[in-house]
file run34.cif (mmCIF, C-alpha atoms (C1' of nucleotides))
data_data
#
loop_
_atom_site.label_atom_id
_atom_site.label_comp_id
_atom_site.auth_asym_id
_atom_site.auth_seq_id
_atom_site.Cartn_x
_atom_site.Cartn_y
_atom_site.Cartn_z
CA MET A 1 101.91 146.83 111.22
CA ASP A 2 100.16 143.53 111.64
CA ALA A 3 102.27 141.05 109.73
CA LEU A 4 104.02 138.42 111.80
CA THR A 5 107.39 136.82 111.37
CA ILE A 6 107.64 133.13 110.75
CA GLN A 7 108.21 132.25 114.37
CA GLU A 8 105.28 134.29 115.62
CA ALA A 9 103.06 132.88 112.92
CA ALA A 10 104.19 129.38 113.80
CA GLU A 11 103.38 129.87 117.44
CA ILE A 12 99.86 131.07 116.98
CA THR A 13 98.97 128.62 114.24
CA ASP A 14 100.53 125.63 115.94
CA TRP A 15 102.82 124.77 113.10
CA SER A 16 106.60 124.87 113.27
CA PRO A 17 108.66 127.42 111.35
CA ARG A 18 110.09 124.47 109.48
CA MET A 19 106.65 123.41 108.35
CA LEU A 20 105.68 126.92 107.36
CA ARG A 21 108.60 126.93 104.96
CA TYR A 22 107.64 123.48 103.77
CA ILE A 23 104.06 124.57 103.18
CA GLU A 24 105.33 127.50 101.21
CA ARG A 25 107.53 125.28 99.13
CA ALA A 26 104.52 123.11 98.38
CA GLY A 27 102.96 126.23 96.89
CA LEU A 28 100.10 126.23 99.36
CA ILE A 29 100.65 129.39 101.36
CA GLU A 30 103.15 131.94 100.14
CA PRO A 31 103.51 134.90 102.44
CA GLN A 32 104.78 138.24 101.35
CA ARG A 33 108.41 139.10 101.94
CA SER A 34 109.97 142.07 103.58
CA ASP A 35 112.67 143.97 101.75
CA ALA A 36 115.22 141.84 103.52
CA GLY A 37 113.48 138.68 102.44
CA TYR A 38 111.73 137.89 105.71
CA ARG A 39 108.44 136.08 105.41
CA LEU A 40 105.52 138.23 106.53
CA TYR A 41 102.34 136.47 107.59
CA GLY A 42 99.22 138.60 107.60
CA PRO A 43 95.77 137.71 108.92
CA PRO A 44 94.70 135.94 105.71
CA GLU A 45 97.73 133.68 105.82
CA LEU A 46 97.24 132.96 109.49
CA GLN A 47 93.66 132.04 108.90
CA ARG A 48 94.57 129.75 106.05
CA LEU A 49 97.25 128.12 108.12
CA ARG A 50 94.74 127.29 110.80
CA THR A 51 92.17 125.95 108.38
CA LEU A 52 94.86 124.01 106.58
CA ARG A 53 95.68 122.30 109.81
CA GLU A 54 92.06 121.46 110.34
CA LEU A 55 91.76 120.19 106.81
CA VAL A 56 94.65 117.77 107.05
CA THR A 57 93.77 116.47 110.49
CA ARG A 58 90.06 116.21 109.97
CA PHE A 59 90.25 114.34 106.69
CA HIS A 60 93.56 112.69 107.38
CA ILE A 61 95.18 113.94 104.20
CA GLY A 62 98.67 115.21 103.50
CA LEU A 63 100.01 118.41 102.08
CA GLY A 64 100.65 116.51 98.89
CA GLU A 65 96.95 115.89 98.57
CA VAL A 66 96.10 119.53 99.08
CA GLY A 67 98.74 120.42 96.56
CA PHE A 68 97.17 118.01 94.13
CA ALA A 69 93.77 119.57 94.68
CA GLN A 70 95.42 122.83 93.79
CA ARG A 71 96.79 121.36 90.59
CA LEU A 72 93.32 120.12 89.81
CA ARG A 73 91.89 123.59 89.95
CA ARG A 74 94.76 125.18 88.08
CA GLU A 75 95.27 122.67 85.28
CA ASP A 76 92.16 122.22 83.24
CA GLU A 77 93.71 119.51 81.17
CA LEU A 78 94.52 117.44 84.21
CA ALA A 79 91.08 117.96 85.68
CA GLY A 80 89.51 117.00 82.40
CA ALA A 81 91.56 113.85 82.06
CA ILE A 82 90.70 112.80 85.60
CA ASP A 83 87.05 113.52 85.01
CA ALA A 84 87.10 111.49 81.86
CA TRP A 85 88.79 108.60 83.59
CA PHE A 86 86.19 108.45 86.32
CA ALA A 87 83.41 108.95 83.85
CA ALA A 88 84.51 105.73 82.18
CA GLU A 89 84.11 103.89 85.45
CA PRO A 90 82.35 100.61 84.85
CA ARG A 91 79.45 100.93 87.24
CA ARG A 92 77.58 97.81 87.81
CA PRO A 93 73.92 98.37 88.50
CA GLU A 94 73.42 97.75 92.18
CA HIS A 95 69.85 96.65 91.85
CA VAL A 96 70.78 93.72 89.66
CA PRO A 97 71.77 90.53 91.47
CA ALA A 98 75.41 89.72 91.12
CA ALA A 99 74.80 86.59 89.07
CA GLU A 100 72.49 88.42 86.73
CA TRP A 101 74.92 91.22 86.35
CA LEU A 102 77.72 88.85 85.62
CA ARG A 103 75.88 87.16 82.78
CA TRP A 104 74.72 90.44 81.37
CA GLU A 105 78.15 91.89 81.59
CA GLN A 106 79.83 88.87 80.09
CA ASP A 107 77.46 88.94 77.17
CA LYS A 108 78.28 92.53 76.52
CA HIS A 109 81.94 91.91 77.01
CA SER A 110 82.11 89.07 74.59
CA ARG A 111 80.86 91.35 71.89
CA LEU A 112 83.17 94.15 72.86
CA LEU A 113 86.11 91.81 73.17
CA ALA A 114 85.68 90.73 69.59
CA LEU A 115 85.86 94.38 68.62
CA ALA A 116 88.79 95.10 70.86
CA GLY A 117 90.64 92.15 69.48
CA ALA A 118 90.15 93.28 65.93
CA HIS A 119 90.77 96.88 66.71
CA ARG A 120 94.33 96.80 67.97
CA PRO A 121 95.79 100.02 66.55
CA GLU A 122 96.47 102.37 69.38
CA PRO A 123 99.79 103.98 68.61
CA THR A 124 99.87 106.95 70.93
CA PRO A 125 96.54 108.37 71.98
CA ALA A 126 97.45 111.92 71.25
CA ALA A 127 95.30 113.29 74.04
CA THR A 128 92.04 113.29 75.91
CA ASN A 129 91.16 109.99 74.36
CA VAL A 130 89.25 107.92 76.87
CA MET B 1 85.13 82.98 78.48
CA ASP B 2 85.66 86.58 77.57
CA ALA B 3 87.29 88.04 80.63
CA LEU B 4 91.04 87.87 80.94
CA THR B 5 93.09 86.58 83.83
CA ILE B 6 95.46 88.86 85.63
CA GLN B 7 98.45 87.82 83.64
CA GLU B 8 96.76 88.28 80.31
CA ALA B 9 95.40 91.62 81.40
CA ALA B 10 98.83 92.66 82.58
CA GLU B 11 100.40 91.76 79.28
CA ILE B 12 98.04 93.70 77.10
CA THR B 13 97.87 96.76 79.35
CA ASP B 14 101.59 96.90 80.02
CA TRP B 15 101.27 96.70 83.75
CA SER B 16 102.58 93.86 85.88
CA PRO B 17 100.27 91.44 87.69
CA ARG B 18 101.72 92.82 90.88
CA MET B 19 100.64 96.33 89.97
CA LEU B 20 97.20 95.18 88.94
CA ARG B 21 96.70 93.84 92.45
CA TYR B 22 98.15 97.04 93.84
CA ILE B 23 95.80 99.16 91.77
CA GLU B 24 92.92 97.08 93.01
CA ARG B 25 93.96 97.58 96.61
CA ALA B 26 94.11 101.29 95.95
CA GLY B 27 90.42 101.01 95.08
CA LEU B 28 90.97 102.25 91.55
CA ILE B 29 90.08 99.25 89.43
CA GLU B 30 88.35 96.29 91.01
CA PRO B 31 87.75 93.46 88.59
CA GLN B 32 85.10 90.85 89.05
CA ARG B 33 86.03 87.54 90.52
CA SER B 34 85.41 84.05 89.28
CA ASP B 35 83.85 81.51 91.59
CA ALA B 36 87.32 80.40 92.56
CA GLY B 37 88.35 83.96 93.34
CA TYR B 38 90.31 84.63 90.18
CA ARG B 39 90.33 88.22 89.01
CA LEU B 40 88.47 88.67 85.73
CA TYR B 41 89.34 91.67 83.62
CA GLY B 42 86.78 92.61 81.01
CA PRO B 43 87.10 95.23 78.25
CA PRO B 44 86.03 98.13 80.48
CA GLU B 45 88.70 97.28 83.01
CA LEU B 46 91.31 96.86 80.32
CA GLN B 47 90.43 100.20 78.84
CA ARG B 48 90.61 101.88 82.20
CA LEU B 49 93.96 100.28 82.88
CA ARG B 50 95.34 101.72 79.71
CA THR B 51 93.98 105.18 80.33
CA LEU B 52 95.17 105.02 83.90
CA ARG B 53 98.65 104.45 82.64
CA GLU B 54 98.34 107.38 80.31
CA LEU B 55 96.98 109.56 83.09
CA VAL B 56 99.81 108.72 85.42
CA THR B 57 102.61 109.16 82.94
CA ARG B 58 101.23 112.16 81.11
CA PHE B 59 100.63 114.24 84.22
CA HIS B 60 103.33 112.69 86.30
CA ILE B 61 101.03 111.78 89.15
CA GLY B 62 100.85 108.74 91.38
CA LEU B 63 98.15 106.27 92.12
CA GLY B 64 97.72 108.01 95.44
CA GLU B 65 96.74 111.16 93.61
CA VAL B 66 94.18 109.35 91.52
CA GLY B 67 92.86 107.74 94.66
CA PHE B 68 92.56 111.14 96.23
CA ALA B 69 90.64 112.43 93.23
CA GLN B 70 88.32 109.53 93.82
CA ARG B 71 87.85 110.53 97.42
CA LEU B 72 87.10 114.03 96.24
CA ARG B 73 84.23 112.84 94.13
CA ARG B 74 82.93 110.44 96.72
CA GLU B 75 83.14 112.55 99.86
CA ASP B 76 81.18 115.73 99.53
CA GLU B 77 82.33 116.99 102.85
CA LEU B 78 85.95 116.70 101.87
CA ALA B 79 85.34 118.33 98.53
CA GLY B 80 83.48 121.15 100.24
CA ALA B 81 86.21 121.73 102.77
CA ILE B 82 88.84 121.84 100.06
CA ASP B 83 86.73 124.21 98.02
CA ALA B 84 86.29 126.45 101.00
CA TRP B 85 89.97 126.47 101.72
CA PHE B 86 90.88 127.52 98.22
CA ALA B 87 88.07 130.02 98.15
CA ALA B 88 89.73 131.75 101.08
CA GLU B 89 92.88 132.15 99.08
CA PRO B 90 94.30 135.64 99.54
CA ARG B 91 94.33 137.05 96.04
CA ARG B 92 96.80 139.83 96.55
CA PRO B 93 99.19 139.27 93.68
CA GLU B 94 96.14 138.15 91.72
CA HIS B 95 98.20 135.94 89.46
CA VAL B 96 99.88 132.75 90.41
CA PRO B 97 102.44 131.22 88.15
CA ALA B 98 101.02 127.87 87.20
CA ALA B 99 104.58 126.66 87.06
CA GLU B 100 104.61 126.67 90.80
CA TRP B 101 104.14 122.98 91.16
CA LEU B 102 106.67 122.46 88.45
CA ARG B 103 109.37 124.06 90.51
CA TRP B 104 108.30 121.88 93.36
CA GLU B 105 108.35 118.80 91.22
CA GLN B 106 111.61 119.50 89.53
CA ASP B 107 113.21 120.18 92.83
CA LYS B 108 113.36 116.54 93.73
CA HIS B 109 114.92 115.53 90.47
CA SER B 110 117.29 118.42 90.43
CA ARG B 111 119.05 116.93 93.37
CA LEU B 112 119.95 113.91 91.36
CA LEU B 113 121.35 116.09 88.66
CA ALA B 114 123.60 117.86 91.12
CA LEU B 115 122.68 121.25 89.80
CA ALA B 116 124.03 124.33 91.48
CA GLY B 117 121.80 127.28 90.86
CA ALA B 118 121.69 129.48 93.91
CA HIS B 119 120.14 132.85 93.43
CA ARG B 120 118.88 135.61 95.62
CA PRO B 121 115.14 135.47 96.15
CA GLU B 122 113.63 138.54 94.65
CA PRO B 123 112.02 140.64 97.34
CA THR B 124 108.38 141.30 96.64
CA PRO B 125 107.31 144.82 95.70
CA ALA B 126 107.08 146.88 98.88
CA ALA B 127 104.75 144.65 100.75
CA THR B 128 103.90 147.16 103.44
CA ASN B 129 101.31 146.11 105.94
CA VAL B 130 98.69 143.55 105.27
"C1'" DT C 1 97.67 63.80 86.53
"C1'" DG C 2 100.85 67.49 86.03
"C1'" DA C 3 102.14 71.88 84.22
"C1'" DA C 4 100.75 76.32 84.43
"C1'" DC C 5 98.15 79.29 86.13
"C1'" DC C 6 95.71 81.69 90.21
"C1'" DT C 7 95.30 83.34 95.29
"C1'" DT C 8 97.17 85.87 99.67
"C1'" DG C 9 101.02 87.03 102.50
"C1'" DA C 10 105.55 88.40 103.44
"C1'" DC C 11 110.44 90.35 102.81
"C1'" DA C 12 113.11 93.80 100.32
"C1'" DC C 13 114.61 97.98 98.20
"C1'" DG C 14 114.92 102.77 96.73
"C1'" DC C 15 112.71 107.03 96.58
"C1'" DC C 16 109.69 110.55 98.49
"C1'" DC C 17 107.09 112.90 102.48
"C1'" DG C 18 106.86 115.16 106.81
"C1'" DT C 19 109.69 116.72 110.24
"C1'" DG C 20 113.56 118.05 113.11
"C1'" DG C 21 118.12 119.74 113.51
"C1'" DT C 22 122.23 122.43 112.37
"C1'" DA C 23 125.45 125.43 109.91
"C1'" DA C 24 126.74 129.79 107.66
"C1'" DG C 25 125.43 134.05 107.00
"C1'" DG C 26 122.28 138.48 106.85
"C1'" DT C 27 118.76 141.76 109.64
"C1'" DT C 28 116.65 143.98 113.52
"C1'" DC C 29 116.62 146.49 117.49
"C1'" DA C 30 117.36 147.70 122.43
"C1'" DT D 1 127.35 146.13 119.57
"C1'" DG D 2 125.29 141.84 120.65
"C1'" DA D 3 121.34 138.95 121.27
"C1'" DA D 4 117.77 137.23 118.83
"C1'" DC D 5 115.80 136.77 115.02
"C1'" DC D 6 115.69 135.73 109.90
"C1'" DT D 7 117.39 133.38 105.40
"C1'" DT D 8 118.89 129.11 102.52
"C1'" DA D 9 121.11 124.60 102.31
"C1'" DC D 10 122.24 120.34 104.02
"C1'" DC D 11 121.95 115.67 106.91
"C1'" DA D 12 118.85 112.41 109.20
"C1'" DC D 13 115.13 109.42 109.99
"C1'" DG D 14 110.72 106.82 110.24
"C1'" DG D 15 106.98 105.74 107.28
"C1'" DG D 16 104.65 105.19 102.90
"C1'" DC D 17 104.68 104.25 97.85
"C1'" DG D 18 105.80 101.58 93.73
"C1'" DT D 19 107.67 97.46 92.51
"C1'" DG D 20 109.84 92.78 92.39
"C1'" DT D 21 110.19 88.29 94.19
"C1'" DC D 22 109.30 84.28 96.77
"C1'" DA D 23 106.46 80.82 99.43
"C1'" DA D 24 102.41 77.94 100.38
"C1'" DG D 25 98.46 76.49 98.69
"C1'" DG D 26 94.11 76.18 95.43
"C1'" DT D 27 92.26 75.92 90.22
"C1'" DT D 28 92.25 74.92 85.38
"C1'" DC D 29 92.84 72.23 81.53
"C1'" DA D 30 95.23 69.42 77.86
#

call {"tool": "encode", "arguments": {"input": "run34.cif", "output": "structure tokens"}}
result
Amino acid sequence: MDALTIQEAAEITDWSPRMLRYIERAGLIEPQRSDAGYRLYGPPELQRLRTLRELVTRFHIGLGEVGFAQRLRREDELAGAIDAWFAAEPRRPEHVPAAEWLRWEQDKHSRLLALAGAHRPEPTPAATNV
Amino acid sequence: MDALTIQEAAEITDWSPRMLRYIERAGLIEPQRSDAGYRLYGPPELQRLRTLRELVTRFHIGLGEVGFAQRLRREDELAGAIDAWFAAEPRRPEHVPAAEWLRWEQDKHSRLLALAGAHRPEPTPAATNV
DNA sequence: TGAACCTTGACACGCCCGTGGTAAGGTTCA
DNA sequence: TGAACCTTACCACGGGCGTGTCAAGGTTCA
């Protein structure tokens, strides 16, 4: 057999048993269980534990962030909404001098503002409205 | 003038001026500035503020999460590393209950509700060796 | 000019995250 | 059988997040 107990896995992956349980609770790495309920870490889990450590240290992110990335790839609706939000990002053309941009933008805005002012109704954007 | 000041923007987007500054510091929405340094919120910013609110409440995420999504689309290396990590996911059980995060999320609130629901963790089907 | 706004900075507070520890009890194995 | 491991559940604690409020000072405008 080549599955390790939580303590053994912790030792060779440089996490603590406590953190291995925490990681599992975050839904990131869920090892199999023995009949008695013991966590069993196989080579794939060990590898992922090591790379997870590298991920969080190298990019200075938390488990919450990795968990969120997981949500992003599991929940299409969430991913879509996020995409839409960033797609609406007001990008100011870099090549245009700030002053120019400002005047151009203000012109555009004054027109849009008139519309926005007249078009108040926004009861409850049912969904995906961006 | 067609851009709104922070207070006006706060009022019509249902945030507080405090939060508008906070959102800006999070790098999510950075309004232009007047010559005197006043924040100027134009229609695009106002729209994004509204949709940001919807995003956050509808999916129950924080500004930190949105900020992380921003990092993901700005830093290719990070996105690649995350992709790689999830690609290495051991697909033994082949299905993952998408309600995983939900359990995780509800867990925090459940403490406030003083719920007592202890149950024996169901041992996985004869895991054997991995 | 003065009220009403804006700026940044700081203190505060409650909740959540990452982590450790410990207790009470079940499992493994020499 | 007993030591050493495992399980879950709880307490603790420093730091960060989301938010409000206040202070000291600059800007706008009727």

call {"tool": "interface_residues", "arguments": {"input": "run34.cif", "of": "chain D", "to": "chain A", "cutoff": "12 Å", "atoms": "only C-alpha atoms (C1' of nucleotides)", "output": "compact mmCIF listing (two decimals) with C-alpha atoms (C1' of nucleotides), in the coordinates of the input"}}
result
# COMPACT_ATOMS: atom_id res chain seq x y z
C1' DA D 4 117.77 137.23 118.83
C1' DC D 5 115.80 136.77 115.02
C1' DC D 6 115.69 135.73 109.90
C1' DT D 7 117.39 133.38 105.40
C1' DT D 8 118.89 129.11 102.52
C1' DG D 16 104.65 105.19 102.90

call {"tool": "atom_distance", "arguments": {"input": "run34.cif", "atom1": "CA of Asp14 (chain B)", "atom2": "CA of Leu46 (chain B)"}}
result
10.3 Å

call {"tool": "closest_atom_pairs", "arguments": {"input": "run34.cif", "of": "region 25-103 of chain A", "to": "region 72-79 of chain B", "cutoff": "9 Å", "atoms": "all atoms listed in the file", "output": "tab-separated table"}}
result
residue	atom	partner	partner_atom	distance
A:Leu55	CA	B:Leu78	CA	8.4
A:Phe59	CA	B:Leu78	CA	6.9
A:Ala69	CA	B:Leu72	CA	8.8

call {"tool": "atom_distance", "arguments": {"input": "run34.cif", "atom1": "CA of Arg71 (chain B)", "atom2": "CA of Arg48 (chain B)"}}
result
17.7 Å

call {"tool": "residues_around", "arguments": {"input": "run34.cif", "residues": "region 10-25 of chain C", "least_positions_apart": "2", "cutoff": "12 Å", "atoms": "only C-alpha atoms (C1' of nucleotides)", "output": "PyMOL selection string"}}
result
(chain A and resi 15-23+26+62-65) or (chain B and resi 62+105+107-109+112) or (chain C and resi 8+27) or (chain D and resi 6-24)

call {"tool": "resolve_selection", "arguments": {"input": "run34.cif", "expression": "the PyMOL selection byres ((chain C) within 9 of (chain B))", "output": "VMD selection string"}}
result
chain C and resid 5 to 7 16

call {"tool": "atom_distance", "arguments": {"input": "run34.cif", "atom1": "CA of Ala3 (chain A)", "atom2": "CA of Leu40 (chain A)"}}
result
5.4 Å

call {"tool": "resolve_selection", "arguments": {"input": "run34.cif", "expression": "the PyMOL selection byres ((chain A and resi 81) around 10)", "output": "VMD selection string"}}
result
(chain A and resid 76 to 80 82 to 87 127 to 130) or (chain B and resid 51 to 52 54 to 55 58 to 59)

call {"tool": "resolve_selection", "arguments": {"input": "run34.cif", "expression": "the PyMOL selection byres ((chain C and resi 3) around 10)", "output": "list of chain:residue names"}}
result
C:DT1, C:DG2, C:DA4, C:DC5, D:DC29, D:DA30

call {"tool": "closest_residue", "arguments": {"input": "run34.cif", "among": "A:Gln47, A:Asp35, A:Val56, A:Leu4", "to": "chain B", "atoms": "all atoms listed in the file"}}
result
A:Asp35

call {"tool": "closest_residue", "arguments": {"input": "run34.cif", "among": "B:Glu24, B:Glu30, B:Asp2, B:Glu8", "to": "chain A", "atoms": "only C-alpha atoms"}}
result
B:Asp2

call {"tool": "closest_residue", "arguments": {"input": "run34.cif", "among": "A:Ala88, A:Val66, A:Ile61, A:Ile12", "to": "Ile29 (chain A)", "atoms": "all atoms listed in the file"}}
result
A:Val66

call {"tool": "axis_aligned_box", "arguments": {"input": "run34.cif", "around": "region 5-16 of chain C", "padding_each_side": "5 Å", "output": "lines of an AutoDock Vina configuration file"}}
result
center_x = 105.1
center_y = 94.9
center_z = 94.8
size_x = 29.6
size_y = 41.3
size_z = 27.3
